[in-house]
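These notes are about the structure you will find just below.
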Amino acid sequence: MKRITALRSRNGIPAIASAVTLTAACLLSGAADPGRKAPSCPTAPSDSFWHAPVDKLPVHPNSGRYVASIGSAEPLHPDFGSGLVEGRPFGIPITVSDTVVPESEVSLDYPEESDTSGYRIPTDARIENGPASDGDRHVVVWDKALCKSYELFDAKRQGGDTWHAGSGAIFDLRSNALRPDGWTSADAAGLAILPGLARYDEAAGGRIDHAIRITVPRSDQSYVWPARHQAGSAADSSLPPMGLRLRLKSTVDTSGLAPQAKAVADALKKYGAIVADNGSPWYITGEENPGWDNAQLDGLKDLKGSDFEAVDASGLQQSPDSGAAAPQ
C-alpha cells in the first residue's frame, strides 16, 4: 500500500522510506564461485539491536508527546499481506538469492551517501508494489550465499543486470557495523530494511524475535542510535527522531488475536518498533508474501496509537558506530 510522500532531509536527499549463531560457512568472502549453495545466514547478528528486548526498558520521558504527534487515536496498520490492494501487491518483497549471481551495475541519484558498487541483484528481483509502482519502489535482496542484503530505494530496472535507483546500501548481515554517521540507506534512518520486516515464516512459526520497521507522519530533525540519518520536517522536540524505539504496552491484551496477528503484536511488546521513515502513522512493514492471511492481520488494526509508548533505549548502546546491543 502506498505511503505518504516522503519529506526532504537536511542534506537535500529525499527521506526514503531468527537470531541464530553464525556458522563458519557464513564467514566465507564475497569471492565465492558462482552457483555455490547458500550457507545459513540470519538477517542480523544475534547481538544486534534488532534482536534486543525492550520490554523491561524505561519509558522515554517524551513518550506522551511523541505518541500524540504520531496520532494517539490513529490505528496500527500492517502495511503488508497477501494478494492485491488497488490492483497491486503490498508489503516489501524479499528476493532470496541462494547462489552467487554476477555483479549488477547500479547508477544512483545520490551516490554520495550510497554504496556505489557490489550489488548482486538476481534477474527475478521484485520491486515493492510491483514494476508499475509510483511509490517507494524498494528492492531488497537477501543474498544467503554471501550473507549480505542489497537494498535500493526508487529502483528501476534498465535491462539485464543494470538498475537505476535513488539511493542504495549493502549490509553485511554478519556484522554490527553501522553506516557512516549522517548517511542514509534505502531508508531515511540509514538502517537496513531486511532485518526489520515482519516475515511470514516467522509469524507462521509463532514467534518474531526482532523489532519491526515503522513509519511516522512527521519526524524531528534529529536521529538517535542506531539511526544514522534524519529526515525531519522541523526542529521540534515533540516529534519523534529517526531511530526512536516504540513498544506496545504490556497491559494491552493480545490473547484474542489470530495467530499471525498475535505473533506480530507480541514482537511489538518485547522488541518494539523502530522509526525508520516518514510515512503514514503507525504503519508497520512486513514482507509481501502469499502466505499471509489478511483477515488475521486485520486484527492488528484494533490497536491504536495510545496503546504504544516510546522507550528510552539509550542503555542498549555500547558504541555509537556499532549496532551491537549491550547485554540486558
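Here, A, B, ... name the chains of the C-alpha cells in the order displayed, residue numbers run from 1 inside each chain, and ligands are numbered from 1 in the same displayed order.
Within region 14-180 of chain A, DSSP applied to the backbone places the following residues in helix (DSSP H, G or I): Ala24, Ala25, Cys26, Leu27, Phe49, Trp50, His51, Ser63, Gly64, Arg65, Tyr66, Val67, Ala68, Ser69, Ile70, Pro111, Glu112 and Glu113 of chain A.
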Point to revise | Contacts of His51 (chain A) at 9 Å (only C-alpha atoms; same-chain gap of 2+ positions) as a ChimeraX atom specification | key: /A:18-19,44-49,53,209-211,271,325
Can those selected residues be exported to a file as a short mmCIF file (atom, residue, chain, number, x, y, z; two decimals), in the first residue's frame so that it contains N, CA and C atoms?
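This went into result-v1.cif:
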data_model
loop_
_atom_site.label_atom_id
_atom_site.label_comp_id
_atom_site.auth_asym_id
_atom_site.auth_seq_id
_atom_site.Cartn_x
_atom_site.Cartn_y
_atom_site.Cartn_z
N SER A 18 15.06 -14.80 14.04
CA SER A 18 15.98 -15.78 13.55
C SER A 18 17.34 -15.64 14.17
N ALA A 19 17.25 -15.14 15.29
CA ALA A 19 18.54 -15.00 15.96
C ALA A 19 19.21 -16.36 16.05
N ALA A 44 20.37 -10.57 10.79
CA ALA A 44 21.18 -9.69 11.65
C ALA A 44 21.88 -10.57 12.68
N PRO A 45 23.04 -10.12 13.19
CA PRO A 45 23.71 -10.89 14.23
C PRO A 45 22.81 -11.05 15.46
N SER A 46 23.04 -12.10 16.22
CA SER A 46 22.19 -12.38 17.38
C SER A 46 22.27 -11.30 18.45
N ASP A 47 23.39 -10.54 18.48
CA ASP A 47 23.52 -9.48 19.48
C ASP A 47 23.18 -8.11 18.91
N SER A 48 22.54 -8.07 17.74
CA SER A 48 22.16 -6.81 17.13
C SER A 48 21.04 -6.12 17.91
N PHE A 49 20.95 -4.79 17.76
CA PHE A 49 19.85 -4.04 18.36
C PHE A 49 18.50 -4.53 17.88
N PRO A 53 15.61 -7.18 23.38
CA PRO A 53 14.31 -6.94 24.02
C PRO A 53 14.27 -5.56 24.66
N ASP A 209 11.30 -12.51 16.46
CA ASP A 209 12.27 -12.21 17.53
C ASP A 209 13.09 -10.95 17.25
N HIS A 210 12.44 -9.93 16.70
CA HIS A 210 13.16 -8.69 16.40
C HIS A 210 12.19 -7.53 16.33
N ALA A 211 12.75 -6.32 16.38
CA ALA A 211 11.95 -5.11 16.22
C ALA A 211 11.45 -5.02 14.78
N TYR A 271 10.08 -6.54 21.50
CA TYR A 271 11.19 -5.94 20.76
C TYR A 271 10.86 -4.54 20.24
N ALA A 325 24.08 -4.56 20.69
CA ALA A 325 23.37 -4.09 21.88
C ALA A 325 24.03 -4.61 23.15
#
Point to revise | Ala186 (chain A) surroundings by only C-alpha atoms, 12 Å radius, close-in-sequence under 5 positions cut, as a count of residues only | key: 39
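The smallest atom-to-atom distance between Cys147 (chain A) and any of A:Leu244, A:Ala132, A:Val224, A:Leu173, using only C-alpha atoms, is found for A:Leu173.
Residues within 10 Å of region 294-300 of chain A, counting only C-alpha atoms and excluding same-chain residues fewer than 6 positions away, are Pro75, Leu76, His77, Pro78, Asp79, Phe80, Gly81, Ser82, Gly83, Thr254, Gly256, Leu257, Ala258, Pro259, Gln260, Ala261, Lys262, Ala263, Val264 and Ala265 of chain A.
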Practice item. Return as a ChimeraX atom specification the full set of residues in region 32-259 of chain A whose backbone-based DSSP assignment is strand (DSSP E or B). Key: /A:48,59,75,77-78,84-85,88-89,92,94-97,105-108,139-143,148-153,156-159,162-165,167-172,177,198,212-216,220,223,234,242,245-248
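Between CA of Ser107 (chain A) and CA of Glu288 (chain A) the separation is 25.7 Å.
Checking A:Lys148, A:Arg157, A:Arg228, A:Arg88 one by one against Pro195 (chain A), counting only C-alpha atoms, you find the shortest gap at A:Lys148.
Using only C-alpha atoms, the nearest neighbour of Thr162 (chain A) within the list A:Thr43, A:Asn62, A:Ser117, A:Ser306 is A:Ser117.
Candidate residues A:Asn278, A:Asp312, A:His60, A:Gly206 were compared for distance to Ser219 (chain A), and the nearest is A:Asn278, using only C-alpha atoms.
For the pair CA of Gln328 (chain A) and CA of Ala52 (chain A), the separation is 8.3 Å.
CA of Thr251 (chain A) is positioned 8.5 Å from CA of Asp307 (chain A).
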